[in-house]
file structure-v7.txt (compact mmCIF, C-alpha atoms)
# COMPACT_ATOMS: atom_id res chain seq x y z
CA MET O 1 5.39 -7.88 -18.49
CA THR O 2 9.11 -8.13 -19.05
CA SER O 3 9.43 -5.32 -21.55
CA PRO O 4 9.70 -1.73 -20.35
CA LEU O 5 6.30 -0.12 -19.91
CA ARG O 6 6.23 3.27 -21.50
CA ALA O 7 5.13 6.13 -19.28
CA SER O 8 2.50 8.55 -20.53
CA TRP O 9 -0.38 10.70 -19.30
CA HIS O 10 -3.69 9.05 -18.52
CA VAL O 11 -7.06 10.17 -17.17
CA GLY O 12 -8.44 8.04 -14.38
CA ARG O 13 -11.69 8.09 -12.46
CA VAL O 14 -12.01 7.41 -8.76
CA ALA O 15 -13.95 4.13 -8.60
CA ARG O 16 -13.72 3.72 -4.88
CA ARG O 17 -12.27 5.56 -1.92
CA ARG O 18 -11.99 4.45 1.65
CA ARG O 19 -10.19 5.45 4.79
CA GLU O 20 -6.88 3.56 5.08
CA THR O 21 -5.61 4.89 8.42
CA ALA O 22 -6.43 7.92 10.57
CA SER O 23 -4.36 10.06 8.19
CA ALA O 24 -4.48 8.17 4.91
CA VAL O 25 -6.96 7.27 2.19
CA ARG O 26 -7.02 4.37 -0.27
CA LEU O 27 -7.97 5.38 -3.80
CA GLU O 28 -8.95 2.86 -6.45
CA LEU O 29 -8.70 4.49 -9.86
CA ASP O 30 -10.11 3.16 -13.10
CA VAL O 31 -7.57 4.14 -15.75
CA PRO O 32 -8.79 2.65 -19.06
CA THR O 33 -5.52 3.36 -20.92
CA TRP O 34 -3.17 2.17 -18.12
CA PRO O 35 -0.64 -0.33 -19.60
CA GLY O 36 -0.10 -2.16 -16.30
CA ASN O 37 2.84 -1.68 -13.97
CA HIS O 38 5.54 -3.58 -12.18
CA ALA O 39 5.23 -4.08 -8.42
CA GLY O 40 6.97 -1.16 -6.69
CA SER O 41 6.62 1.47 -9.40
CA HIS O 42 5.10 4.89 -8.91
CA LEU O 43 3.13 7.50 -10.80
CA ASP O 44 2.68 11.26 -10.82
CA VAL O 45 -0.70 12.77 -9.90
CA ARG O 46 -1.42 16.20 -11.39
CA LEU O 47 -4.14 18.45 -10.03
CA THR O 48 -5.37 21.47 -11.96
CA ALA O 49 -7.23 24.37 -10.34
CA SER O 50 -10.01 26.18 -12.19
CA ASP O 51 -7.61 28.98 -13.18
CA GLY O 52 -5.12 26.54 -14.72
CA TYR O 53 -2.68 26.36 -11.79
CA GLN O 54 -1.22 22.87 -11.52
CA ALA O 55 0.52 20.85 -8.82
CA THR O 56 2.11 17.43 -9.29
CA ARG O 57 3.28 14.82 -6.78
CA SER O 58 4.61 11.28 -7.01
CA TYR O 59 2.88 8.35 -5.29
CA SER O 60 3.76 4.68 -5.14
CA VAL O 61 1.28 2.28 -6.70
CA ALA O 62 -0.06 -0.45 -4.39
CA SER O 63 -1.31 -2.61 -7.27
CA SER O 64 0.64 -4.30 -10.06
CA GLY O 65 0.25 -6.40 -13.17
CA GLU O 66 -1.85 -5.99 -16.28
CA THR O 67 -4.82 -4.22 -14.78
CA THR O 68 -6.52 -0.88 -15.38
CA ARG O 69 -7.61 -0.65 -11.72
CA VAL O 70 -4.78 1.33 -10.13
CA ILE O 71 -4.64 1.46 -6.33
CA LEU O 72 -2.97 4.25 -4.36
CA ALA O 73 -2.69 4.75 -0.61
CA VAL O 74 -2.00 8.38 0.18
CA ASP O 75 -0.88 9.61 3.59
CA GLU O 76 -1.76 13.22 4.38
CA LEU O 77 1.07 15.64 4.95
CA PRO O 78 -0.80 18.35 6.89
CA THR O 79 1.31 21.11 5.34
CA GLY O 80 1.21 19.51 1.91
CA GLU O 81 -0.47 20.83 -1.19
CA VAL O 82 -1.74 17.74 -3.01
CA SER O 83 -2.16 15.07 -0.34
CA PRO O 84 -4.76 16.99 1.76
CA TYR O 85 -6.90 17.38 -1.37
CA LEU O 86 -6.62 13.67 -2.20
CA VAL O 87 -7.35 12.63 1.40
CA HIS O 88 -10.24 14.99 2.15
CA GLN O 89 -11.82 16.35 -1.02
CA LEU O 90 -11.38 13.98 -3.95
CA ALA O 91 -14.66 12.06 -4.33
CA GLU O 92 -15.76 8.86 -6.04
CA GLY O 93 -16.51 9.64 -9.68
CA ASP O 94 -13.98 12.50 -9.87
CA GLU O 95 -11.42 12.43 -12.64
CA LEU O 96 -7.69 12.69 -12.07
CA GLU O 97 -4.65 12.97 -14.35
CA VAL O 98 -1.85 10.49 -13.74
CA HIS O 99 1.49 9.96 -15.48
CA GLY O 100 3.13 6.60 -15.42
CA PRO O 101 4.07 3.93 -14.78
CA LEU O 102 7.37 5.31 -13.49
CA GLY O 103 10.44 3.61 -12.07
CA ARG O 104 12.26 0.54 -13.31
CA TYR O 105 14.70 0.36 -10.44
CA PHE O 106 12.69 -0.01 -7.25
CA VAL O 107 10.56 -2.83 -8.69
CA TRP O 108 10.19 -6.58 -8.24
CA ILE O 109 9.62 -8.50 -11.47
CA PRO O 110 8.54 -12.14 -10.93
CA SER O 111 9.78 -13.26 -14.35
CA GLU O 112 13.36 -12.34 -13.54
CA SER O 113 15.52 -15.43 -13.14
CA GLU O 114 16.89 -14.15 -9.83
CA ARG O 115 15.65 -16.47 -7.05
CA SER O 116 17.45 -15.25 -3.94
CA PRO O 117 15.22 -14.38 -0.97
CA VAL O 118 13.61 -10.96 -0.90
CA GLN O 119 13.61 -8.82 2.23
CA LEU O 120 11.24 -5.86 2.32
CA ILE O 121 11.74 -3.16 4.98
CA ALA O 122 9.16 -0.37 5.35
CA GLY O 123 8.94 2.74 7.48
CA GLY O 124 5.40 4.19 7.77
CA SER O 125 3.67 4.80 4.45
CA GLY O 126 6.81 3.48 2.74
CA VAL O 127 5.03 0.13 2.92
CA VAL O 128 2.94 0.91 -0.19
CA PRO O 129 5.38 -0.22 -2.94
CA LEU O 130 6.56 -3.11 -0.74
CA PHE O 131 2.97 -4.26 -0.22
CA ALA O 132 2.64 -4.29 -4.02
CA MET O 133 5.67 -6.62 -4.21
CA ALA O 134 4.36 -8.96 -1.50
CA ALA O 135 0.92 -9.02 -3.15
CA ALA O 136 2.52 -9.85 -6.51
CA ARG O 137 4.46 -12.65 -4.83
CA GLU O 138 1.15 -14.28 -3.84
CA HIS O 139 0.41 -15.03 -7.52
CA GLU O 140 3.70 -16.86 -8.13
CA ALA O 141 3.65 -20.55 -7.30
CA ASP O 142 7.34 -21.25 -7.12
CA HIS O 143 9.50 -18.32 -6.20
CA ALA O 144 11.82 -16.70 -3.74
CA GLU O 145 11.06 -16.53 -0.05
CA PHE O 146 9.74 -13.13 1.06
CA ARG O 147 9.88 -11.29 4.38
CA LEU O 148 8.45 -7.90 5.27
CA LEU O 149 9.68 -5.89 8.25
CA TYR O 150 7.29 -2.97 8.82
CA SER O 151 8.02 -0.18 11.29
CA VAL O 152 4.92 1.83 12.12
CA ARG O 153 3.78 4.14 14.95
CA THR O 154 0.66 2.39 16.25
CA PRO O 155 -1.74 -0.40 15.19
CA GLN O 156 -4.07 2.30 13.83
CA ASP O 157 -1.36 3.47 11.43
CA VAL O 158 -0.91 0.14 9.65
CA PHE O 159 -1.59 0.33 5.90
CA PHE O 160 -3.25 -2.71 4.27
CA ALA O 161 -3.68 -4.33 7.71
CA LYS O 162 -6.20 -6.92 6.51
CA GLU O 163 -4.30 -7.73 3.32
CA LEU O 164 -0.99 -8.07 5.19
CA SER O 165 -2.44 -10.55 7.65
CA ALA O 166 -3.80 -12.60 4.74
CA LEU O 167 -0.42 -12.93 2.95
CA SER O 168 0.54 -16.59 2.70
CA LYS O 169 3.93 -16.31 1.01
CA THR O 170 5.47 -13.43 2.90
CA THR O 171 6.45 -13.52 6.57
CA VAL O 172 5.30 -10.20 8.04
CA ASP O 173 6.88 -8.66 11.14
CA ILE O 174 5.35 -5.41 12.35
CA VAL O 175 7.32 -3.32 14.84
CA TYR O 176 5.37 -0.57 16.63
CA THR O 177 7.37 2.50 17.58
CA ARG O 178 4.83 4.35 19.78
CA ARG O 179 2.11 1.95 20.92
CA SER O 180 1.81 -1.83 20.58
CA PRO O 181 -1.40 -3.83 20.46
CA PRO O 182 -2.44 -5.06 23.96
CA GLN O 183 -1.40 -8.69 23.38
CA SER O 184 1.93 -7.82 21.76
CA PRO O 185 5.00 -9.53 23.25
CA ARG O 186 7.20 -6.56 22.34
CA PRO O 187 7.02 -3.16 24.03
CA PRO O 188 6.84 -0.27 21.56
CA GLY O 189 10.21 1.01 20.40
CA ARG O 190 12.20 1.99 17.37
CA LEU O 191 14.17 -0.51 15.35
CA THR O 192 17.77 -1.01 16.36
CA ARG O 193 20.59 -2.64 14.49
CA GLU O 194 20.21 -5.70 16.72
CA SER O 195 16.46 -6.00 16.22
CA VAL O 196 16.87 -5.58 12.45
CA ALA O 197 19.46 -8.36 12.53
CA GLY O 198 16.91 -10.59 14.26
CA PHE O 199 14.12 -9.95 11.72
CA VAL O 200 15.82 -9.89 8.32
CA PHE O 201 17.37 -12.70 6.29
CA PRO O 202 21.02 -13.19 7.26
CA SER O 203 23.64 -11.93 4.83
CA SER O 204 24.75 -15.56 4.34
CA VAL O 205 21.68 -16.20 2.12
CA ALA O 206 22.40 -13.03 0.08
CA PRO O 207 18.87 -11.59 0.07
CA ARG O 208 17.79 -8.82 -2.25
CA ILE O 209 16.63 -6.00 0.00
CA PHE O 210 14.15 -3.20 -0.72
CA VAL O 211 13.96 -0.37 1.84
CA CYS O 212 11.34 2.40 1.60
CA GLY O 213 10.41 5.14 4.04
CA PRO O 214 11.32 8.64 5.17
CA THR O 215 14.92 9.65 4.44
CA PRO O 216 16.28 9.27 8.01
CA PHE O 217 14.69 5.81 8.32
CA VAL O 218 16.17 4.64 5.02
CA GLU O 219 19.61 6.08 5.74
CA THR O 220 19.72 4.49 9.18
CA VAL O 221 18.44 1.06 8.18
CA ALA O 222 20.59 0.84 5.03
CA GLY O 223 23.66 1.72 7.09
CA TRP O 224 22.89 -1.09 9.57
CA LEU O 225 22.37 -3.59 6.75
CA VAL O 226 25.86 -2.89 5.41
CA GLN O 227 27.30 -3.18 8.93
CA LEU O 228 25.51 -6.54 9.22
CA GLY O 229 27.40 -7.77 6.18
CA HIS O 230 24.82 -7.28 3.42
CA ASP O 231 26.16 -6.52 -0.06
CA PRO O 232 25.44 -2.85 -0.88
CA ALA O 233 24.71 -3.86 -4.48
CA GLN O 234 21.78 -5.98 -3.23
CA ILE O 235 20.13 -3.09 -1.38
CA ARG O 236 17.68 -0.83 -3.21
CA THR O 237 16.21 2.19 -1.49
CA GLU O 238 13.40 4.64 -2.04
CA ARG O 239 13.06 7.73 0.11
CA PHE O 240 10.29 10.24 0.49
CA GLY O 241 9.65 13.41 2.38
CA GLY O 242 9.94 17.09 1.80
CA SER O 243 7.03 17.95 -0.40
CA GLY O 244 3.59 16.42 -0.20
CA MET Z 1 -6.99 19.21 -22.01
CA ALA Z 2 -6.50 19.21 -18.29
CA VAL Z 3 -8.97 17.75 -15.85
CA ILE Z 4 -10.10 20.52 -13.49
CA SER Z 5 -10.27 19.47 -9.86
CA SER Z 6 -13.09 21.52 -8.35
CA GLY Z 7 -12.21 22.81 -4.94
CA PHE Z 8 -8.47 22.50 -5.53
CA GLY Z 9 -6.79 25.81 -4.85
CA GLY Z 10 -3.18 24.88 -4.31
CA ARG Z 11 -0.52 26.81 -2.49
CA ARG Z 12 1.17 29.26 -4.82
CA GLY Z 13 4.49 30.90 -4.15
CA ALA Z 14 5.24 34.49 -5.05
CA SER Z 15 7.99 33.52 -7.51
CA ASP Z 16 6.11 31.22 -9.84
CA THR Z 17 7.81 32.59 -12.96
CA ARG Z 18 11.10 31.08 -11.78
CA LEU Z 19 9.55 27.66 -11.34
CA PRO Z 20 9.63 25.34 -14.35
CA PRO Z 21 6.35 23.56 -15.19
CA GLY Z 22 5.24 20.91 -12.71
CA GLN Z 23 7.61 22.09 -9.98
CA THR Z 24 6.86 23.20 -6.42
CA LEU Z 25 9.01 25.40 -4.20
CA VAL Z 26 10.55 23.82 -1.09
CA ASP Z 27 12.49 25.39 1.76
CA ASP Z 28 14.21 22.24 2.95
CA TRP Z 29 16.46 20.10 0.79
CA PRO Z 30 15.03 16.62 0.12
CA VAL Z 31 17.37 13.68 -0.51
CA LEU Z 32 17.00 11.46 -3.57
CA THR Z 33 19.49 8.60 -3.85
CA ALA Z 34 19.05 5.25 -5.54
CA GLY Z 35 21.19 3.14 -3.25
CA LEU Z 36 23.35 3.62 -0.23
CA THR Z 37 25.13 6.75 0.91
CA PRO Z 38 28.88 6.21 0.53
CA ASP Z 39 31.23 7.59 3.16
CA ILE Z 40 34.21 9.15 1.36
CA GLY Z 41 36.70 11.34 3.13
CA ALA Z 42 38.12 14.40 1.38
CA HIS Z 43 41.64 13.01 1.90
CA GLU Z 44 40.84 9.92 -0.19
CA TRP Z 45 38.71 11.65 -2.83
CA THR Z 46 40.01 12.22 -6.36
CA PHE Z 47 38.41 13.46 -9.54
CA THR Z 48 39.53 12.28 -12.99
CA ILE Z 49 38.71 13.27 -16.57
CA THR Z 50 39.45 10.40 -18.99
CA THR Z 51 39.60 10.99 -22.76
CA GLU Z 52 39.37 8.70 -25.78
CA THR Z 53 43.14 8.27 -25.88
CA GLY Z 54 43.16 7.00 -22.30
CA ALA Z 55 44.77 10.23 -21.11
CA GLN Z 56 43.76 11.04 -17.55
CA HIS Z 57 43.63 14.41 -15.85
CA ARG Z 58 43.40 13.89 -12.10
CA TRP Z 59 42.95 16.17 -9.11
CA ASP Z 60 43.01 15.28 -5.45
CA TRP Z 61 41.24 17.45 -2.88
CA ASN Z 62 44.02 19.99 -2.47
CA ALA Z 63 44.73 20.19 -6.19
CA LEU Z 64 41.04 20.87 -6.81
CA GLN Z 65 41.06 23.79 -4.35
CA ASP Z 66 44.16 25.17 -6.09
CA VAL Z 67 42.31 25.37 -9.42
CA GLY Z 68 40.11 28.03 -7.89
CA VAL Z 69 36.84 27.79 -5.99
CA GLU Z 70 34.09 30.21 -6.96
CA ASP Z 71 30.75 31.27 -5.50
CA ILE Z 72 27.61 30.22 -7.35
CA VAL Z 73 24.02 31.25 -6.63
CA THR Z 74 21.55 29.15 -8.53
CA ASP Z 75 18.14 27.46 -8.56
CA ILE Z 76 17.93 23.68 -8.54
CA HIS Z 77 15.10 21.53 -9.89
CA CYS Z 78 14.52 17.87 -8.97
CA VAL Z 79 12.55 15.56 -11.25
CA THR Z 80 10.45 14.57 -8.23
CA HIS Z 81 8.76 17.98 -8.56
CA TRP Z 82 10.57 20.15 -6.05
CA SER Z 83 12.66 23.22 -6.74
CA LYS Z 84 14.85 25.30 -4.47
CA LEU Z 85 15.67 28.89 -5.44
CA ASP Z 86 18.77 31.00 -4.84
CA MET Z 87 20.92 28.29 -3.32
CA ALA Z 88 24.45 29.39 -2.44
CA TRP Z 89 27.11 26.95 -3.62
CA ARG Z 90 30.88 26.92 -3.88
CA GLY Z 91 32.78 24.85 -6.40
CA VAL Z 92 35.28 24.65 -9.21
CA SER Z 93 34.15 25.44 -12.75
CA LEU Z 94 34.41 22.60 -15.24
CA ASP Z 95 35.67 25.18 -17.76
CA ARG Z 96 38.84 25.36 -15.67
CA LEU Z 97 39.12 21.58 -15.32
CA PHE Z 98 38.66 21.06 -19.08
CA GLU Z 99 41.23 23.76 -19.99
CA ASN Z 100 43.95 21.25 -20.91
CA VAL Z 101 41.73 18.35 -21.93
CA GLU Z 102 41.95 17.44 -25.61
CA THR Z 103 38.97 15.49 -26.93
CA SER Z 104 36.93 15.23 -30.09
CA TYR Z 105 34.07 13.42 -28.31
CA ASP Z 106 30.85 15.31 -27.63
CA TYR Z 107 29.37 13.31 -24.73
CA VAL Z 108 30.43 12.30 -21.24
CA MET Z 109 29.55 9.61 -18.74
CA VAL Z 110 29.83 10.83 -15.16
CA ARG Z 111 30.79 8.16 -12.64
CA SER Z 112 30.35 8.26 -8.88
CA HIS Z 113 31.53 6.36 -5.86
CA GLY Z 114 28.82 3.79 -5.20
CA GLY Z 115 28.38 2.97 -8.89
CA TYR Z 116 26.00 5.73 -9.99
CA THR Z 117 26.38 7.01 -13.56
CA THR Z 118 24.74 9.77 -15.58
CA ASN Z 119 25.24 10.91 -19.16
CA LEU Z 120 25.51 14.46 -20.52
CA PRO Z 121 26.48 16.29 -23.69
CA LEU Z 122 29.83 18.02 -23.11
CA GLU Z 123 28.31 21.35 -24.13
CA ASP Z 124 26.06 21.21 -21.04
CA LEU Z 125 29.15 21.15 -18.82
CA LEU Z 126 31.06 24.11 -20.31
CA GLU Z 127 30.55 27.89 -20.68
CA GLY Z 128 29.92 28.51 -17.00
CA GLN Z 129 27.14 25.94 -16.68
CA ALA Z 130 28.70 23.28 -14.43
CA TRP Z 131 30.94 22.86 -11.40
CA ILE Z 132 32.49 20.31 -9.08
CA ALA Z 133 30.73 21.57 -5.95
CA THR Z 134 32.17 21.18 -2.46
CA GLU Z 135 29.95 23.47 -0.36
CA ALA Z 136 26.26 24.32 -0.21
CA GLU Z 137 24.63 27.05 1.86
CA GLY Z 138 27.83 27.87 3.66
CA GLU Z 139 28.68 24.34 4.77
CA PRO Z 140 30.79 21.51 3.35
CA LEU Z 141 28.57 19.09 1.45
CA THR Z 142 27.27 16.37 3.76
CA ASP Z 143 27.45 12.68 2.83
CA GLU Z 144 23.75 12.48 2.02
CA HIS Z 145 23.98 15.44 -0.35
CA GLY Z 146 26.99 14.00 -2.19
CA GLY Z 147 29.95 15.15 -0.10
CA PRO Z 148 32.81 15.64 -0.27
CA ALA Z 149 32.14 16.70 -3.87
CA ARG Z 150 29.34 16.42 -6.40
CA LEU Z 151 28.72 17.59 -9.91
CA LEU Z 152 26.51 20.70 -10.12
CA VAL Z 153 24.65 21.21 -13.41
CA PRO Z 154 21.74 23.35 -12.22
CA HIS Z 155 20.15 24.04 -15.62
CA LEU Z 156 19.23 20.34 -15.89
CA TYR Z 157 17.15 18.19 -13.51
CA PHE Z 158 19.16 17.47 -10.42
CA TRP Z 159 19.76 13.75 -11.01
CA LYS Z 160 22.35 14.96 -13.54
CA SER Z 161 24.25 16.65 -10.69
CA ALA Z 162 25.85 13.36 -9.67
CA LYS Z 163 26.71 12.97 -5.98
CA TRP Z 164 30.09 11.59 -4.86
CA VAL Z 165 31.51 12.32 -8.32
CA ARG Z 166 34.81 10.65 -9.14
CA GLU Z 167 35.22 10.60 -12.93
CA ILE Z 168 34.09 12.12 -16.20
CA ARG Z 169 34.76 9.81 -19.11
CA MET Z 170 34.46 11.09 -22.69
CA MET Z 171 32.06 9.17 -24.99
CA PRO Z 172 31.65 9.32 -28.78
CA SER Z 173 27.84 9.11 -28.58
CA ASP Z 174 25.10 9.60 -26.00
CA GLU Z 175 24.65 6.47 -23.88
CA PRO Z 176 22.16 6.30 -20.99
CA GLY Z 177 23.42 6.38 -17.41
CA PHE Z 178 21.76 4.87 -14.35
CA TRP Z 179 18.44 6.75 -14.09
CA GLU Z 180 18.36 7.20 -17.86
CA GLN Z 181 18.35 3.40 -18.27
CA ASN Z 182 15.57 3.34 -15.70
CA GLY Z 183 13.20 5.53 -17.66
CA TYR Z 184 14.46 9.07 -17.14
CA HIS Z 185 15.09 11.42 -20.04
CA LEU Z 186 18.52 11.44 -21.73
CA ARG Z 187 18.97 15.21 -21.30
CA GLY Z 188 16.55 16.41 -18.60
CA ASP Z 189 15.77 20.08 -19.28
CA PRO Z 190 13.30 21.17 -16.57
CA TRP Z 191 11.90 24.02 -18.71
CA ARG Z 192 10.88 21.47 -21.34
CA GLU Z 193 9.76 18.99 -18.66
CA GLU Z 194 12.12 16.36 -20.02
CA ARG Z 195 11.43 14.02 -17.09
CA TYR Z 196 10.84 10.62 -18.66
CA TRP Z 197 11.02 9.00 -22.07
call {"tool": "encode", "arguments": {"input": "structure-v7.txt", "output": "structure tokens"}}
result
Amino acid sequence: MTSPLRASWHVGRVARRRRETASAVRLELDVPTWPGNHAGSHLDVRLTASDGYQATRSYSVASSGETTRVILAVDELPTGEVSPYLVHQLAEGDELEVHGPLGRYFVWIPSESERSPVQLIAGGSGVVPLFAMAAAREHEADHAEFRLLYSVRTPQDVFFAKELSALSKTTVDIVYTRRSPPQSPRPPGRLTRESVAGFVFPSSVAPRIFVCGPTPFVETVAGWLVQLGHDPAQIRTERFGGSG
Amino acid sequence: MAVISSGFGGRRGASDTRLPPGQTLVDDWPVLTAGLTPDIGAHEWTFTITTETGAQHRWDWNALQDVGVEDIVTDIHCVTHWSKLDMAWRGVSLDRLFENVETSYDYVMVRSHGGYTTNLPLEDLLEGQAWIATEAEGEPLTDEHGGPARLLVPHLYFWKSAKWVREIRMMPSDEPGFWEQNGYHLRGDPWREERYW
């Protein structure tokens, strides 16, 4: 999958849905015409009401590769328009229109010759496209070293908890901002520039860095990375927030 | 044929006719940026138009103000499906900045601090359609929204309104800029939903 994958509209069917966290759902869609997607890309979901009214939102894809089983993990924005429907009402067997795959910038492509280490940094549900990258890394025998730094409120808010703990080729550090697990050596607290410096690859090894999360999280972390000596050209960001 | 989602009602605004297809009204102002937010002071900012002969027309911050700042009220539409209506902006019309520019080229590449580029036909920048904007909603543009100055081309999707703008370079043909190379449409008309290609 080195060539660009052309985006188009597809109809998918919900094959499986399960609770991901207290506020999020995991949706596995069967999309027979899906061309596959790079790890980190996103798609648009379009809902149509019975009178023809439509609403569209973008969601990162948690799966990657040449598969027609497309996995999403959708966090509910309580005041949102689309996410509450996906989290509470959409049922197994329902059909859904999706447009994609989208995004050729915030993606990790294993076949690229670039072999410098990869640092993933997630805030909250921003972990979804980064999980896709770490999961893709599992299938590559000989490749760059991966680390994931994941800032999340509580243990109950961790997306892909089981899958993250099973990763063998990515070092995962989870930082809890509100409540830590009982046995955790770290008290809960937000990331600081110093703690980020302790978790991420040093600038001396010139890592490629992907940061995804709410806008303030991304702005803050990206600013620290530059202060810590990382090359701005090596840092790719994806922000969300505003309209769910 | 659309798939109907039973039980989906949606939240509809009162001003749907002003929303292009696939867009939703927001009250806040989301941030969409590919990389880092540069920190450029107005005192160090310049804006340049470069033509095919290599001729350069350059304005620093004070020179830009002297060209004449005007008030603009406009709707903006982001490709990530949000729109904001009746935003108050202030900026300098590109008609004024192109007054003494001689070119036979029909396309431009817009370049920003931080490396961002976006392509446009020249005709989308003239006739009162585009500005170098320095204020939004009564305040100087913040860093995260492209301050001290950004391009404002509100009739196209907002990725065309390049933040931290520093140069417009004339081009003989339409070449894709940053997002356009990454799958976004070459022109980006929200009323035609020209989001991706």
call {"tool": "residues_around", "arguments": {"input": "structure-v7.txt", "residues": "Val200 (chain O)", "least_positions_apart": "6", "cutoff": "9 Å", "atoms": "only C-alpha atoms", "output": "list in words"}}
result
Gln119, Leu120, Ile121, Arg147, Leu148, Leu149 and Pro207 of chain O
call {"tool": "interface_residues", "arguments": {"input": "structure-v7.txt", "of": "chain Z", "to": "chain O", "cutoff": "9 Å", "atoms": "only C-alpha atoms", "output": "number ranges by chain"}}
result
Z: 2-12, 21-37, 80-82, 114-115, 144, 179, 181-184, 196-197
call {"tool": "atom_distance", "arguments": {"input": "structure-v7.txt", "atom1": "CA of Gly198 (chain O)", "atom2": "CA of Thr21 (chain O)"}}
result
27.9 Å
call {"tool": "residues_around", "arguments": {"input": "structure-v7.txt", "residues": "His88 (chain O)", "least_positions_apart": "6", "cutoff": "10 Å", "atoms": "only C-alpha atoms", "output": "ChimeraX atom specification"}}
result
/O:19,23-25,76
call {"tool": "closest_residue", "arguments": {"input": "structure-v7.txt", "among": "O:Ser41, O:Gln183, O:Thr33, O:Ser111", "to": "His10 (chain O)", "atoms": "all atoms listed in the file"}}
result
O:Thr33
call {"tool": "atom_distance", "arguments": {"input": "structure-v7.txt", "atom1": "CA of Pro32 (chain O)", "atom2": "CA of Ser83 (chain O)"}}
result
23.4 Å
call {"tool": "residues_near_point", "arguments": {"input": "structure-v7.txt", "point": "(20.2, -12.4, -1.0)", "cutoff": "9 Å", "atoms": "only C-alpha atoms", "output": "JSON list (two decimals) with C-alpha atoms, keeping the file's coordinate frame"}}
result
[["chain", "number", "residue", "atom", "x", "y", "z"],
["O", 115, "ARG", "CA", 15.65, -16.47, -7.05],
["O", 116, "SER", "CA", 17.45, -15.25, -3.94],
["O", 117, "PRO", "CA", 15.22, -14.38, -0.97],
["O", 118, "VAL", "CA", 13.61, -10.96, -0.90],
["O", 119, "GLN", "CA", 13.61, -8.82, 2.23],
["O", 201, "PHE", "CA", 17.37, -12.70, 6.29],
["O", 202, "PRO", "CA", 21.02, -13.19, 7.26],
["O", 203, "SER", "CA", 23.64, -11.93, 4.83],
["O", 204, "SER", "CA", 24.75, -15.56, 4.34],
["O", 205, "VAL", "CA", 21.68, -16.20, 2.12],
["O", 206, "ALA", "CA", 22.40, -13.03, 0.08],
["O", 207, "PRO", "CA", 18.87, -11.59, 0.07],
["O", 208, "ARG", "CA", 17.79, -8.82, -2.25],
["O", 209, "ILE", "CA", 16.63, -6.00, 0.00],
["O", 230, "HIS", "CA", 24.82, -7.28, 3.42],
["O", 231, "ASP", "CA", 26.16, -6.52, -0.06],
["O", 234, "GLN", "CA", 21.78, -5.98, -3.23]]
call {"tool": "residues_around", "arguments": {"input": "structure-v7.txt", "residues": "Glu180 (chain Z)", "least_positions_apart": "2", "cutoff": "10 Å", "atoms": "all atoms listed in the file", "output": "PyMOL selection string"}}
result
chain Z and resi 117-119+159-160+175-178+182-188+195-197
call {"tool": "residues_around", "arguments": {"input": "structure-v7.txt", "residues": "Phe160 (chain O)", "least_positions_apart": "6", "cutoff": "10 Å", "atoms": "all atoms listed in the file", "output": "list in words"}}
result
Glu20, Thr21, Arg26, Ala62, Ala73, Val127, Val128, Phe131 and Ala166 of chain O
